[in-house]
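Enquirer: Sharing a structure with you now.
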Number of protein chains: 2
Amino acid sequence: MDLAPSPLALPFPAMPAIEGVTLRIARAGYKRWDRADLTYAELAEGTAVAGVFTRSACPSSEVELGREQVKAGKARALVVNAGNSNAFTGYRGREAVEQIMAQVADHLGCTREEVFVSSTGVIGVPLPKDRARAGVAAVLDASPASWADAANTIGTTDTFPKGATASAIVGGTRVAIAAIVKGSGMIAPDMATMLGYIFTDAAVEPAFLQQVLSDANRRTFSCITVDSDTSTSDTVLAFATGKAGNPPLASFDSDGADAFAAALHDVCRQLAHLVVRDGEGASKFIAISVSGAVSDESAHRVAMSIANSPLVKTAIAGGDANWGRVVMAVGKAGEPADRDRLSIAFGGTWTARNGVPVEGYDEAPVAAHLKASEIEIAVDLGIGEGRATVWTCDLTHGYISINADYRS
Amino acid sequence: MDLAPSPLALPFPAMPAIEGVTLRIARAGYKRWDRADLTYAELAEGTAVAGVFTRSACPSSEVELGREQVKAGKARALVVNAGNSNAFTGYRGREAVEQIMAQVADHLGCTREEVFVSSTGVIGVPLPKDRARAGVAAVLDASPASWADAANTIGTTDTFPKGATASAIVGGTRVAIAAIVKGSGMIAPDMATMLGYIFTDAAVEPAFLQQVLSDANRRTFSCITVDSDTSTSDTVLAFATGKAGNPPLASFDSDGADAFAAALHDVCRQLAHLVVRDGEGASKFIAISVSGAVSDESAHRVAMSIANSPLVKTAIAGGDANWGRVVMAVGKAGEPADRDRLSIAFGGTWTARNGVPVEGYDEAPVAAHLKASEIEIAVDLGIGEGRATVWTCDLTHGYISINADYRS
């Protein structure tokens with residue numbers, strides 16, 4: 001099945017080279033398709049790494065190994081397989097990952113633990129070792145590839161390549177960040193998976209890189225949802241080659257650490273939004289802001305309850321400013337709320353205030369806002385100072401078609 | 001919008017008269033439609049009542065008042081308004097409910113607190129007091145109605161009337177239970193609401209009736225989901241007129257209490273299944289059984305995670321035995337699970353055992369099972385003795401059409 005590009009697609013940005021990072025792609029043939037499906041990034045010696053992974057209780061071997069590997073904080077290479085997630089494949093799946101790690105480590109003369117592997121695609125089929133071996137051999141021999149090549153190659157049924165870039169001044173030195181992500185356009189019987197890779201030439205201590213990545217993840221990737229279903233393979237890795245030559249960032253006391261963290265946060269937010277823009281069947285991008293909650297955490301849970309509500313998402317798909325369904329989603333969130341203090345706005349127009357509809361509010365700007373492709377829903381709970389924003393897409397016939405009508 | 005009957009519809013059963021219960025219906029005209037929309041049940045003096053209500057933090061006035069009323073345990077009448085949920089309508093909505101309570105109490109010469117009111121339909125529009133007053137006056141004058149009349153009149157966009165009955169021997173006396181329910185077929189901008197009413201001629205103390213109802217609710221209504229969205233109006237009430245003349249049931253030590261509880265549980269399960277069978281867009285009824293969890297509660301949460309997964313529900317809609325998506329839903333449930341002990345069956349055929357696909361399992365019976373309209377998914381977590389079963393329907397284009405394509 002070939003999917004048309006999402007109506008919310010954005011052009012791939014101009015991306016800088018990151019010193020210490022070399023990209024290559026190859027055809028391993030994990031599925032019967034006419035495209036590159038193996039991505040390789042070679043990283044300079046001394047590259048620091050940090051990572052965040054799915055909280056699924058049933059993760060892939062790649063995730064289990066990656067969680068252990070980031071603890072040492074050192075990376076020399078990344079291998080991403082597309083077309084086979086290698087999840088739920090037992091010891092055979094794990095052997096395939098360890099084979100790839102050993103093959104690349106032998107080539108680079110590094111330890112196996114410095115080689116990171118991700119896989120995305122069909123579940124329950126062990127990654128074929130023979131194809132992996134030939135694919136890795138081919139990729140190690142391949143010419144350097146572009147960011148767009150890599151972004152396309154890590155994708156499965158993504159409908160457009162997704163990348164983001166930012167820069168920051170750190171200790172008088174300009175450092176660059178370039179990042180790619182794959183998201184959630186997937187055909188049955190596969191499942192959506194988010195894989196994100198961030199590369200920077202900044203010198204950053206692994207522990208601080210982990211701190212900055214975890215914080216950015218909490219406010220970006222953890223604030224998006226397409227359909228409430230959490231993958232067994234979700235992974236975001238950040239690699240810092242140190243080639244920019246800045247004094248290494250070790251904490252927020254380091255010169256330029258705030259600027260670096262802000263730039264990394266910015267890149268993560270761009271990537272997260274791009275994943276939503278390529279959500280299965282998405283026709284509208286929805287930002288949901290909750291204020292007045294008892295805490296930021298509570299606001300986040302209320303916002304996610306709204307973002308995951310099928311009735312809210314179908315209402316937006318239908319261009320319907322259905323604040324009744326927003327009330328329902330607030331009510332079911334399991335968080336403190338007072339019906340009679342609840343206020344709801346669409347595109348800046350308050351349609352309900354303090355538990356009752358606003359009499360005679362101007363429906364024209366609301367109707368116009370709902371016709372656009374970028375929707376803003378604001379909810380004020382009126383009982384505290386907590387706030388949060390999350391992002392999602394609408395729920396359309398396209399989602400059903402992608403996930404129910406087609407078989408692979 | 002007129003919806004065709006659900007393909008999972010069942011015929012309305014033969015229902016016994018319940019001594020001490022008189023049903024009447026009338027046209028209040030809460031919406032512009034050519035149908036009865038006000039249901040009234042008059043209950044004999046001495047009728048005990050129990051109730052369970054939505055856990056929404058933003059409930060309707062009807063729910064707030066009903067929660068208080070059941071504490072006294074006495075009922076003389078039930079009024080159900082269809083076409084307007086009266087939720088999120090502030091003090092004006094509450095005044096409308098109190099007006100109905102007073103009008104019926106004056107007629108019967110009882111207290112206002114013995115008159116129970118439910119409403120279902122559009123949200124955010126105060127129930128019109130003039131129509132309510134005329135409708136109640138008409139219904140108090142109306143001829144007695146049948147169970148099927150009442151079941152049709154409490155419905156909104158339900159596609160078929162839903163009822164269930166059972167009987168039990170209590171202290172040498174046969175007691176009867178008759179019950180009706182409305183479920184989740186609803187057009188935008190309304191939201192799905194479940195209202196259930198159970199009537200019995202058994203003599204039951206209110207506290208014990210509440211105990212039996214709460215327990216049955218936990219194992220039936222609380223084990224169904226159509227789309228994970230919880231209404232602001234969900235209500236189930238049980239009324240016991242005592243006219244059968246059995247020695248009143250006061251606890252499980254009372255003669256026949258077990259039989260009565262079993263019959264009530266049976267009726268609740270039937271009603272709950274009927275609600276799923278009329279789920280918006282439903283084409284398949286799905287039973288999900290989880291065993292081997294660390295506790296029954298944990299098994300329930302894992303089962304609901306599977307039942308609420310859009311990817312699982314669309315896979316079933318497409319006739320796809322996609323156990324990979326079941327693994328995903330187990331993994332995201334936030335409950336203890338061990339990927340390498342997980343086993344999954346469709347229609348009794350195990351397709352994955354202990355974390356890996358079953359090599360060469362017979363696909364024919366699985367494919368045949370997935371083509372039928374009643375689907376069974378079994379999951380064994382392999383780490384404990386906890387078990388639970390929940391019921392849901394598939395997610396189809398019909399759900400999107402009902403909730404996104406049409407406006408009221």
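Just remember, in the structure tokens the first chain shown is A, the second B, etc., residues are 1-based per chain, and ligands are 1-based in the order shown.
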Write out as a tab-separated table the residues of segment 135-206 of chain B that have any atom within 7 Å of an atom of segment 271-295 of chain B, one row each with the nearest atom pair and its distance in Å to one decimal, counting only C-alpha atoms, sorted by chain and then rising number.
Expert:
```
residue	atom	partner	partner_atom	distance
B:Asp158	CA	B:Asp278	CA	6.6
B:Thr159	CA	B:Asp278	CA	6.6
B:Lys162	CA	B:Leu274	CA	6.4
B:Gly163	CA	B:Leu271	CA	6.6
B:Ala164	CA	B:Leu271	CA	6.3
B:Val181	CA	B:Leu271	CA	6.3
B:Lys182	CA	B:Val275	CA	6.9
B:Gly183	CA	B:Val275	CA	4.8
B:Ser184	CA	B:Gly279	CA	5.3
B:Gly185	CA	B:Glu280	CA	5.0
```
Enquirer: Please produce a file of those selected residues containing C-alpha atoms, as a PDB file, in the first residue's frame.
Expert:
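The resulting again.pdb:
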```pdb
ATOM      1  CA  ASP B 158     -29.741   3.127  20.007  1.00  0.00           C
ATOM      2  CA  THR B 159     -30.477   0.936  17.003  1.00  0.00           C
ATOM      3  CA  LYS B 162     -32.522  -3.741  24.920  1.00  0.00           C
ATOM      4  CA  GLY B 163     -33.991  -5.769  27.823  1.00  0.00           C
ATOM      5  CA  ALA B 164     -33.210  -8.783  29.986  1.00  0.00           C
ATOM      6  CA  VAL B 181     -30.889  -0.417  29.208  1.00  0.00           C
ATOM      7  CA  LYS B 182     -29.913   2.194  26.665  1.00  0.00           C
ATOM      8  CA  GLY B 183     -26.454   2.223  25.188  1.00  0.00           C
ATOM      9  CA  SER B 184     -24.109   3.902  22.893  1.00  0.00           C
ATOM     10  CA  GLY B 185     -25.442   4.809  19.545  1.00  0.00           C
TER      11      GLY B 185
END
```
Enquirer: Give me, as a PyMOL selection string, all polymer residues having an atom no more than 12 Å from segment 165-171 of chain B, counting only C-alpha atoms and skipping those fewer than 3 positions away in the same chain.
Expert: chain B and resi 12-18+147+162+174-181+197-204+242+244-250+252-271
Enquirer: Could you take the residues named above and write them with N, CA and C atoms, as a compact mmCIF listing (two decimals), in the first residue's frame?
Expert:
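See selection_1.txt below for the written result:
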```
# COMPACT_ATOMS: atom_id res chain seq x y z
N PHE B 12 -35.92 -8.46 21.17
CA PHE B 12 -36.32 -8.09 22.52
C PHE B 12 -36.96 -9.32 23.18
N PRO B 13 -36.57 -9.64 24.41
CA PRO B 13 -37.08 -10.88 25.03
C PRO B 13 -38.50 -10.71 25.56
N ALA B 14 -39.18 -11.83 25.79
CA ALA B 14 -40.45 -11.80 26.52
C ALA B 14 -40.14 -11.41 27.96
N MET B 15 -40.83 -10.40 28.46
CA MET B 15 -40.49 -9.88 29.79
C MET B 15 -41.72 -9.98 30.69
N PRO B 16 -41.55 -10.46 31.94
CA PRO B 16 -42.69 -10.58 32.85
C PRO B 16 -43.08 -9.22 33.42
N ALA B 17 -44.35 -9.08 33.77
CA ALA B 17 -44.76 -7.92 34.57
C ALA B 17 -44.12 -8.05 35.95
N ILE B 18 -43.72 -6.92 36.53
CA ILE B 18 -43.17 -6.91 37.88
C ILE B 18 -44.20 -6.23 38.78
N TRP B 147 -42.72 -3.14 28.42
CA TRP B 147 -41.27 -3.05 28.58
C TRP B 147 -40.61 -2.59 27.27
N LYS B 162 -33.34 -2.77 24.20
CA LYS B 162 -32.52 -3.74 24.92
C LYS B 162 -33.14 -4.06 26.28
N ARG B 174 -40.88 -17.54 44.25
CA ARG B 174 -40.21 -17.18 42.99
C ARG B 174 -40.26 -15.66 42.84
N VAL B 175 -39.12 -15.03 42.66
CA VAL B 175 -39.07 -13.59 42.40
C VAL B 175 -38.60 -13.37 40.98
N ALA B 176 -39.04 -12.27 40.39
CA ALA B 176 -38.72 -11.99 38.99
C ALA B 176 -37.92 -10.70 38.89
N ILE B 177 -37.07 -10.64 37.89
CA ILE B 177 -36.30 -9.43 37.59
C ILE B 177 -36.52 -9.09 36.13
N ALA B 178 -36.84 -7.81 35.86
CA ALA B 178 -36.93 -7.34 34.48
C ALA B 178 -36.13 -6.05 34.40
N ALA B 179 -35.41 -5.87 33.30
CA ALA B 179 -34.50 -4.73 33.23
C ALA B 179 -34.38 -4.24 31.81
N ILE B 180 -34.16 -2.94 31.67
CA ILE B 180 -33.95 -2.34 30.35
C ILE B 180 -32.70 -1.46 30.41
N VAL B 181 -32.11 -1.22 29.26
CA VAL B 181 -30.89 -0.42 29.21
C VAL B 181 -30.85 0.34 27.89
N TYR B 197 -31.95 0.24 34.03
CA TYR B 197 -32.94 0.19 35.10
C TYR B 197 -33.37 -1.24 35.32
N ILE B 198 -33.27 -1.68 36.57
CA ILE B 198 -33.57 -3.06 36.93
C ILE B 198 -34.73 -3.04 37.93
N PHE B 199 -35.76 -3.82 37.66
CA PHE B 199 -36.94 -3.85 38.52
C PHE B 199 -37.14 -5.29 39.00
N THR B 200 -37.44 -5.46 40.28
CA THR B 200 -37.76 -6.79 40.79
C THR B 200 -38.88 -6.69 41.81
N ASP B 201 -39.67 -7.77 41.89
CA ASP B 201 -40.72 -7.82 42.90
C ASP B 201 -40.19 -8.41 44.21
N ALA B 202 -38.94 -8.77 44.26
CA ALA B 202 -38.36 -9.32 45.50
C ALA B 202 -38.35 -8.26 46.59
N ALA B 203 -38.44 -8.72 47.84
CA ALA B 203 -38.25 -7.83 48.98
C ALA B 203 -36.77 -7.86 49.36
N VAL B 204 -36.12 -6.71 49.25
CA VAL B 204 -34.67 -6.64 49.50
C VAL B 204 -34.39 -5.37 50.31
N GLY B 242 -40.81 -5.52 46.53
CA GLY B 242 -41.19 -6.36 47.67
C GLY B 242 -42.51 -7.07 47.51
N ALA B 244 -43.39 -9.62 45.85
CA ALA B 244 -43.38 -11.08 45.77
C ALA B 244 -43.67 -11.70 47.14
N GLY B 245 -43.43 -10.95 48.19
CA GLY B 245 -43.79 -11.40 49.53
C GLY B 245 -42.78 -12.33 50.18
N ASN B 246 -41.58 -12.41 49.60
CA ASN B 246 -40.55 -13.24 50.24
C ASN B 246 -40.05 -12.59 51.52
N PRO B 247 -39.50 -13.39 52.45
CA PRO B 247 -38.87 -12.76 53.62
C PRO B 247 -37.76 -11.83 53.13
N PRO B 248 -37.75 -10.58 53.56
CA PRO B 248 -36.79 -9.61 52.99
C PRO B 248 -35.34 -10.10 53.05
N LEU B 249 -34.66 -9.89 51.95
CA LEU B 249 -33.24 -10.25 51.89
C LEU B 249 -32.44 -9.13 52.54
N ALA B 250 -31.65 -9.49 53.56
CA ALA B 250 -30.90 -8.46 54.29
C ALA B 250 -29.40 -8.67 54.19
N PHE B 252 -26.17 -11.94 52.75
CA PHE B 252 -25.98 -13.24 52.09
C PHE B 252 -26.34 -14.39 53.01
N ASP B 253 -26.61 -14.11 54.30
CA ASP B 253 -27.10 -15.15 55.20
C ASP B 253 -28.59 -15.41 54.99
N SER B 254 -29.31 -14.48 54.33
CA SER B 254 -30.75 -14.67 54.11
C SER B 254 -30.97 -15.83 53.13
N ASP B 255 -32.06 -16.57 53.37
CA ASP B 255 -32.40 -17.70 52.51
C ASP B 255 -32.65 -17.20 51.08
N GLY B 256 -31.96 -17.75 50.12
CA GLY B 256 -32.17 -17.38 48.72
C GLY B 256 -31.37 -16.18 48.25
N ALA B 257 -30.56 -15.61 49.13
CA ALA B 257 -29.80 -14.41 48.75
C ALA B 257 -28.83 -14.71 47.61
N ASP B 258 -28.18 -15.86 47.67
CA ASP B 258 -27.23 -16.23 46.61
C ASP B 258 -27.94 -16.34 45.26
N ALA B 259 -29.13 -16.96 45.28
CA ALA B 259 -29.87 -17.13 44.03
C ALA B 259 -30.30 -15.78 43.47
N PHE B 260 -30.74 -14.88 44.36
CA PHE B 260 -31.15 -13.55 43.89
C PHE B 260 -29.95 -12.80 43.31
N ALA B 261 -28.82 -12.86 44.01
CA ALA B 261 -27.62 -12.16 43.53
C ALA B 261 -27.18 -12.72 42.18
N ALA B 262 -27.27 -14.04 42.02
CA ALA B 262 -26.87 -14.66 40.75
C ALA B 262 -27.79 -14.20 39.63
N ALA B 263 -29.11 -14.11 39.93
CA ALA B 263 -30.07 -13.68 38.90
C ALA B 263 -29.83 -12.23 38.52
N LEU B 264 -29.56 -11.39 39.51
CA LEU B 264 -29.30 -9.98 39.22
C LEU B 264 -28.01 -9.82 38.42
N HIS B 265 -27.00 -10.60 38.79
CA HIS B 265 -25.74 -10.58 38.05
C HIS B 265 -25.98 -11.00 36.60
N ASP B 266 -26.80 -12.02 36.41
CA ASP B 266 -27.10 -12.52 35.07
C ASP B 266 -27.76 -11.43 34.23
N VAL B 267 -28.73 -10.74 34.83
CA VAL B 267 -29.42 -9.67 34.11
C VAL B 267 -28.45 -8.55 33.75
N CYS B 268 -27.59 -8.18 34.69
CA CYS B 268 -26.61 -7.11 34.41
C CYS B 268 -25.67 -7.52 33.27
N ARG B 269 -25.24 -8.78 33.28
CA ARG B 269 -24.33 -9.21 32.21
C ARG B 269 -25.03 -9.17 30.86
N GLN B 270 -26.31 -9.61 30.83
CA GLN B 270 -27.06 -9.55 29.57
C GLN B 270 -27.17 -8.11 29.07
N LEU B 271 -27.52 -7.20 29.99
CA LEU B 271 -27.67 -5.79 29.59
C LEU B 271 -26.33 -5.24 29.09
```
Enquirer: Could you give me, as a Markdown table, every chain A residue with an atom at most 7 Å from chain B, plus its closest atom pair and distance in Å to one decimal, counting only C-alpha atoms, rows ordered by chain then number?
Expert:
```
| residue | atom | partner | partner_atom | distance |
| --- | --- | --- | --- | --- |
| A:Ser56 | CA | B:Gly331 | CA | 4.4 |
| A:Ala57 | CA | B:Gly331 | CA | 4.3 |
| A:Cys58 | CA | B:Gly331 | CA | 4.7 |
| A:Phe88 | CA | B:Val356 | CA | 5.8 |
| A:Thr89 | CA | B:Val356 | CA | 5.3 |
| A:Gly90 | CA | B:Val356 | CA | 5.7 |
| A:Ile123 | CA | B:Gly324 | CA | 5.7 |
| A:Gly124 | CA | B:Pro357 | CA | 6.3 |
| A:Pro189 | CA | B:Asn322 | CA | 6.0 |
| A:Met191 | CA | B:Arg325 | CA | 6.8 |
| A:Asp227 | CA | B:Pro310 | CA | 6.6 |
| A:Asp229 | CA | B:Ser309 | CA | 6.3 |
| A:Thr230 | CA | B:Lys332 | CA | 5.7 |
| A:Ser231 | CA | B:Met328 | CA | 6.1 |
| A:Thr232 | CA | B:Met328 | CA | 6.0 |
| A:Ser309 | CA | B:Asp229 | CA | 6.3 |
| A:Pro310 | CA | B:Asp227 | CA | 6.6 |
| A:Leu311 | CA | B:Asn403 | CA | 6.7 |
| A:Thr314 | CA | B:Ala404 | CA | 4.7 |
| A:Ala315 | CA | B:Ala404 | CA | 5.2 |
| A:Ala317 | CA | B:Ala404 | CA | 5.9 |
| A:Gly318 | CA | B:Ala404 | CA | 4.3 |
| A:Asn322 | CA | B:Pro189 | CA | 6.0 |
| A:Gly324 | CA | B:Ile123 | CA | 5.7 |
| A:Arg325 | CA | B:Met191 | CA | 6.8 |
| A:Val327 | CA | B:Cys58 | CA | 6.9 |
| A:Met328 | CA | B:Thr232 | CA | 6.0 |
| A:Ala329 | CA | B:Asp229 | CA | 7.0 |
| A:Gly331 | CA | B:Ala57 | CA | 4.3 |
| A:Lys332 | CA | B:Ser56 | CA | 4.9 |
| A:Ala337 | CA | B:Ala57 | CA | 6.0 |
| A:Asp338 | CA | B:Cys58 | CA | 6.8 |
| A:Arg339 | CA | B:Cys58 | CA | 4.8 |
| A:Asp340 | CA | B:Gly90 | CA | 6.9 |
| A:Gly355 | CA | B:Phe88 | CA | 5.9 |
| A:Val356 | CA | B:Thr89 | CA | 5.3 |
| A:Pro357 | CA | B:Gly124 | CA | 6.3 |
| A:Thr396 | CA | B:Ile400 | CA | 6.3 |
| A:His397 | CA | B:His397 | CA | 5.9 |
| A:Ile400 | CA | B:His397 | CA | 6.2 |
| A:Asn403 | CA | B:Thr314 | CA | 5.7 |
| A:Ala404 | CA | B:Gly318 | CA | 4.3 |
| A:Asp405 | CA | B:Gly318 | CA | 5.6 |
```
Enquirer: Those residues with N, CA and C atoms, as a compact mmCIF listing (two decimals), in the first residue's frame please?
Expert:
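See out_11.txt below for the written result:
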```txt
# COMPACT_ATOMS: atom_id res chain seq x y z
N SER A 56 6.94 0.32 27.63
CA SER A 56 6.21 -0.94 27.45
C SER A 56 6.83 -2.04 28.29
N ALA A 57 5.97 -2.88 28.89
CA ALA A 57 6.45 -4.03 29.65
C ALA A 57 6.87 -5.16 28.71
N CYS A 58 6.62 -5.00 27.42
CA CYS A 58 6.95 -6.04 26.43
C CYS A 58 7.84 -5.45 25.34
N PHE A 88 9.02 -9.37 20.08
CA PHE A 88 8.32 -10.61 20.40
C PHE A 88 8.90 -11.76 19.58
N THR A 89 10.22 -11.84 19.54
CA THR A 89 10.88 -12.88 18.76
C THR A 89 11.82 -13.72 19.61
N GLY A 90 11.81 -13.50 20.95
CA GLY A 90 12.57 -14.36 21.85
C GLY A 90 14.06 -14.31 21.62
N ILE A 123 6.02 -7.28 13.57
CA ILE A 123 6.32 -7.84 14.88
C ILE A 123 6.22 -9.36 14.80
N GLY A 124 7.02 -10.04 15.63
CA GLY A 124 6.88 -11.49 15.76
C GLY A 124 7.66 -12.29 14.74
N PRO A 189 -0.16 -5.86 9.37
CA PRO A 189 -0.29 -6.04 10.80
C PRO A 189 0.84 -5.39 11.59
N MET A 191 2.75 -2.18 13.64
CA MET A 191 2.26 -1.19 14.59
C MET A 191 3.14 0.04 14.53
N ASP A 227 -2.85 7.71 18.69
CA ASP A 227 -4.00 6.83 18.94
C ASP A 227 -3.95 6.15 20.30
N ASP A 229 -1.88 4.22 21.52
CA ASP A 229 -1.21 2.93 21.55
C ASP A 229 0.30 3.10 21.58
N THR A 230 0.93 2.48 22.58
CA THR A 230 2.35 2.65 22.83
C THR A 230 3.14 1.51 22.21
N SER A 231 4.12 1.85 21.42
CA SER A 231 4.91 0.85 20.71
C SER A 231 5.81 0.08 21.66
N THR A 232 6.21 -1.12 21.20
CA THR A 232 7.18 -1.93 21.93
C THR A 232 8.61 -1.54 21.57
N SER A 309 -9.19 10.98 23.43
CA SER A 309 -10.62 10.67 23.35
C SER A 309 -11.06 10.50 21.90
N PRO A 310 -11.55 9.32 21.53
CA PRO A 310 -12.03 9.14 20.16
C PRO A 310 -13.16 10.10 19.81
N LEU A 311 -14.01 10.44 20.80
CA LEU A 311 -15.14 11.33 20.50
C LEU A 311 -14.66 12.76 20.25
N THR A 314 -12.85 12.63 16.70
CA THR A 314 -13.76 12.55 15.56
C THR A 314 -14.54 13.86 15.41
N ALA A 315 -14.84 14.53 16.52
CA ALA A 315 -15.53 15.83 16.42
C ALA A 315 -14.66 16.82 15.65
N ALA A 317 -12.31 16.11 13.54
CA ALA A 317 -12.29 15.67 12.13
C ALA A 317 -13.51 16.19 11.40
N GLY A 318 -14.64 16.26 12.08
CA GLY A 318 -15.88 16.73 11.46
C GLY A 318 -16.05 18.24 11.52
N ASN A 322 -17.07 20.76 19.52
CA ASN A 322 -17.94 20.03 20.44
C ASN A 322 -17.36 20.06 21.85
N GLY A 324 -18.84 19.79 24.57
CA GLY A 324 -19.45 18.76 25.44
C GLY A 324 -18.55 17.53 25.55
N ARG A 325 -17.94 17.16 24.43
CA ARG A 325 -17.04 16.00 24.47
C ARG A 325 -15.75 16.33 25.22
N VAL A 327 -15.69 18.33 27.86
CA VAL A 327 -16.13 18.17 29.25
C VAL A 327 -16.06 16.71 29.66
N MET A 328 -16.59 15.85 28.79
CA MET A 328 -16.58 14.42 29.07
C MET A 328 -15.16 13.93 29.30
N ALA A 329 -14.23 14.34 28.43
CA ALA A 329 -12.85 13.85 28.52
C ALA A 329 -12.15 14.40 29.77
N GLY A 331 -13.79 15.01 32.54
CA GLY A 331 -14.44 14.27 33.62
C GLY A 331 -13.91 12.88 33.83
N LYS A 332 -13.47 12.23 32.73
CA LYS A 332 -13.03 10.83 32.86
C LYS A 332 -11.55 10.71 33.18
N ALA A 337 -11.10 18.07 39.30
CA ALA A 337 -11.75 19.03 38.42
C ALA A 337 -13.07 19.41 39.06
N ASP A 338 -13.52 20.61 38.76
CA ASP A 338 -14.81 21.09 39.29
C ASP A 338 -15.62 21.56 38.09
N ARG A 339 -16.68 20.80 37.82
CA ARG A 339 -17.50 21.08 36.64
C ARG A 339 -17.88 22.56 36.56
N ASP A 340 -18.16 23.16 37.71
CA ASP A 340 -18.69 24.52 37.71
C ASP A 340 -17.61 25.60 37.63
N GLY A 355 -18.46 26.33 33.79
CA GLY A 355 -19.45 25.26 33.86
C GLY A 355 -20.72 25.47 33.08
N VAL A 356 -20.83 26.57 32.34
CA VAL A 356 -22.03 26.76 31.50
C VAL A 356 -21.60 27.32 30.15
N PRO A 357 -22.39 27.04 29.11
CA PRO A 357 -22.08 27.60 27.80
C PRO A 357 -22.11 29.13 27.87
N THR A 396 -9.84 9.91 11.73
CA THR A 396 -10.60 9.96 10.47
C THR A 396 -10.79 8.56 9.87
N HIS A 397 -11.55 8.52 8.79
CA HIS A 397 -11.68 7.26 8.04
C HIS A 397 -10.31 6.74 7.61
N ILE A 400 -8.93 4.22 10.04
CA ILE A 400 -9.58 2.91 9.93
C ILE A 400 -9.09 2.20 8.67
N ASN A 403 -5.59 0.78 9.16
CA ASN A 403 -5.41 -0.26 10.17
C ASN A 403 -6.38 -1.43 10.09
N ALA A 404 -7.45 -1.27 9.33
CA ALA A 404 -8.45 -2.36 9.28
C ALA A 404 -8.65 -2.89 7.87
N ASP A 405 -8.57 -2.01 6.88
CA ASP A 405 -8.99 -2.43 5.55
C ASP A 405 -7.89 -3.16 4.78
```
Enquirer: Among segment 174-355 of chain B, which ones does DSSP place in alpha helix (DSSP H), written as a VMD selection string?
Expert: chain B and resid 206 to 219 257 to 277 296 to 307 310 to 317 323 to 331
Enquirer: Quick one: DSSP strand (DSSP E or B) residues in segment 58-274 of chain B, as a PyMOL selection string?
Expert: chain B and resi 74+77-84+115-122+162-170+173-182+195-200+204+224-225+235-240+249
Enquirer: Find the residue from A:Thr241, A:Asn152, A:Thr173, A:Ser6 that sits nearest to Gly20 of chain A; use only C-alpha atoms when measuring.
Expert: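 Among the listed residues, the smallest separation from Gly20 of chain A belongs to A:Thr241.
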Enquirer: Please provide the set of residues having any atom within 7 Å of segment 26-30 of chain A, restricted to only C-alpha atoms, with same-chain residues fewer than 3 positions apart removed, written as an MDAnalysis selection string.
Expert: chainID A and resid 33 35:39 83:84 131:132 134:135 138:139
Enquirer: Go ahead and save the residues from that selection, with N, CA and C atoms, as a CSV table (one decimal), in the first residue's frame.
Expert:
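Result written to out27.csv:
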```csv
chain,number,residue,atom,x,y,z
A,33,TRP,N,10.7,-5.2,-1.0
A,33,TRP,CA,10.4,-3.8,-1.5
A,33,TRP,C,11.6,-3.2,-2.2
A,35,ARG,N,13.7,-0.5,-2.1
A,35,ARG,CA,14.1,0.7,-1.4
A,35,ARG,C,15.2,0.3,-0.4
A,36,ALA,N,16.0,1.3,0.0
A,36,ALA,CA,17.0,1.1,1.1
A,36,ALA,C,16.2,0.9,2.4
A,37,ASP,N,16.7,0.0,3.3
A,37,ASP,CA,16.0,-0.2,4.5
A,37,ASP,C,17.0,-0.4,5.7
A,38,LEU,N,18.3,-0.1,5.5
A,38,LEU,CA,19.2,-0.2,6.6
A,38,LEU,C,20.0,1.1,6.6
A,39,THR,N,20.0,1.7,7.8
A,39,THR,CA,20.6,3.0,8.0
A,39,THR,C,21.8,2.9,9.0
A,83,GLY,N,11.4,-2.3,8.5
A,83,GLY,CA,10.6,-3.4,7.8
A,83,GLY,C,10.4,-4.6,8.7
A,84,ASN,N,11.1,-4.6,9.8
A,84,ASN,CA,11.0,-5.7,10.8
A,84,ASN,C,11.3,-5.2,12.2
A,131,ARG,N,20.2,-11.7,6.0
A,131,ARG,CA,20.0,-10.4,5.4
A,131,ARG,C,20.7,-9.3,6.2
A,132,ALA,N,20.6,-9.4,7.5
A,132,ALA,CA,21.2,-8.4,8.3
A,132,ALA,C,22.7,-8.4,8.1
A,134,ALA,N,24.5,-9.4,5.4
A,134,ALA,CA,24.8,-8.9,4.1
A,134,ALA,C,24.5,-7.4,4.0
A,135,GLY,N,23.4,-7.0,4.7
A,135,GLY,CA,23.1,-5.6,4.7
A,135,GLY,C,24.1,-4.7,5.4
A,138,ALA,N,27.2,-4.4,3.3
A,138,ALA,CA,27.0,-3.5,2.2
A,138,ALA,C,27.1,-2.0,2.7
A,139,VAL,N,26.5,-1.8,3.9
A,139,VAL,CA,26.4,-0.4,4.4
A,139,VAL,C,27.8,0.1,4.8
```
Enquirer: Pick the closest to Leu237 of chain B from B:Ala75, B:Leu3, B:Ala44, B:Val326: which is it, counting only C-alpha atoms?
Expert: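 Nearest candidate to Leu237 of chain B out of B:Ala75, B:Leu3, B:Ala44, B:Val326: B:Ala75.
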Enquirer: Show which residues sit within 9 Å of Arg112 of chain A, as a PyMOL selection string. Count only C-alpha atoms, and ignore same-chain residues fewer than 3 positions away.
Expert: chain A and resi 98+100-106+115-116
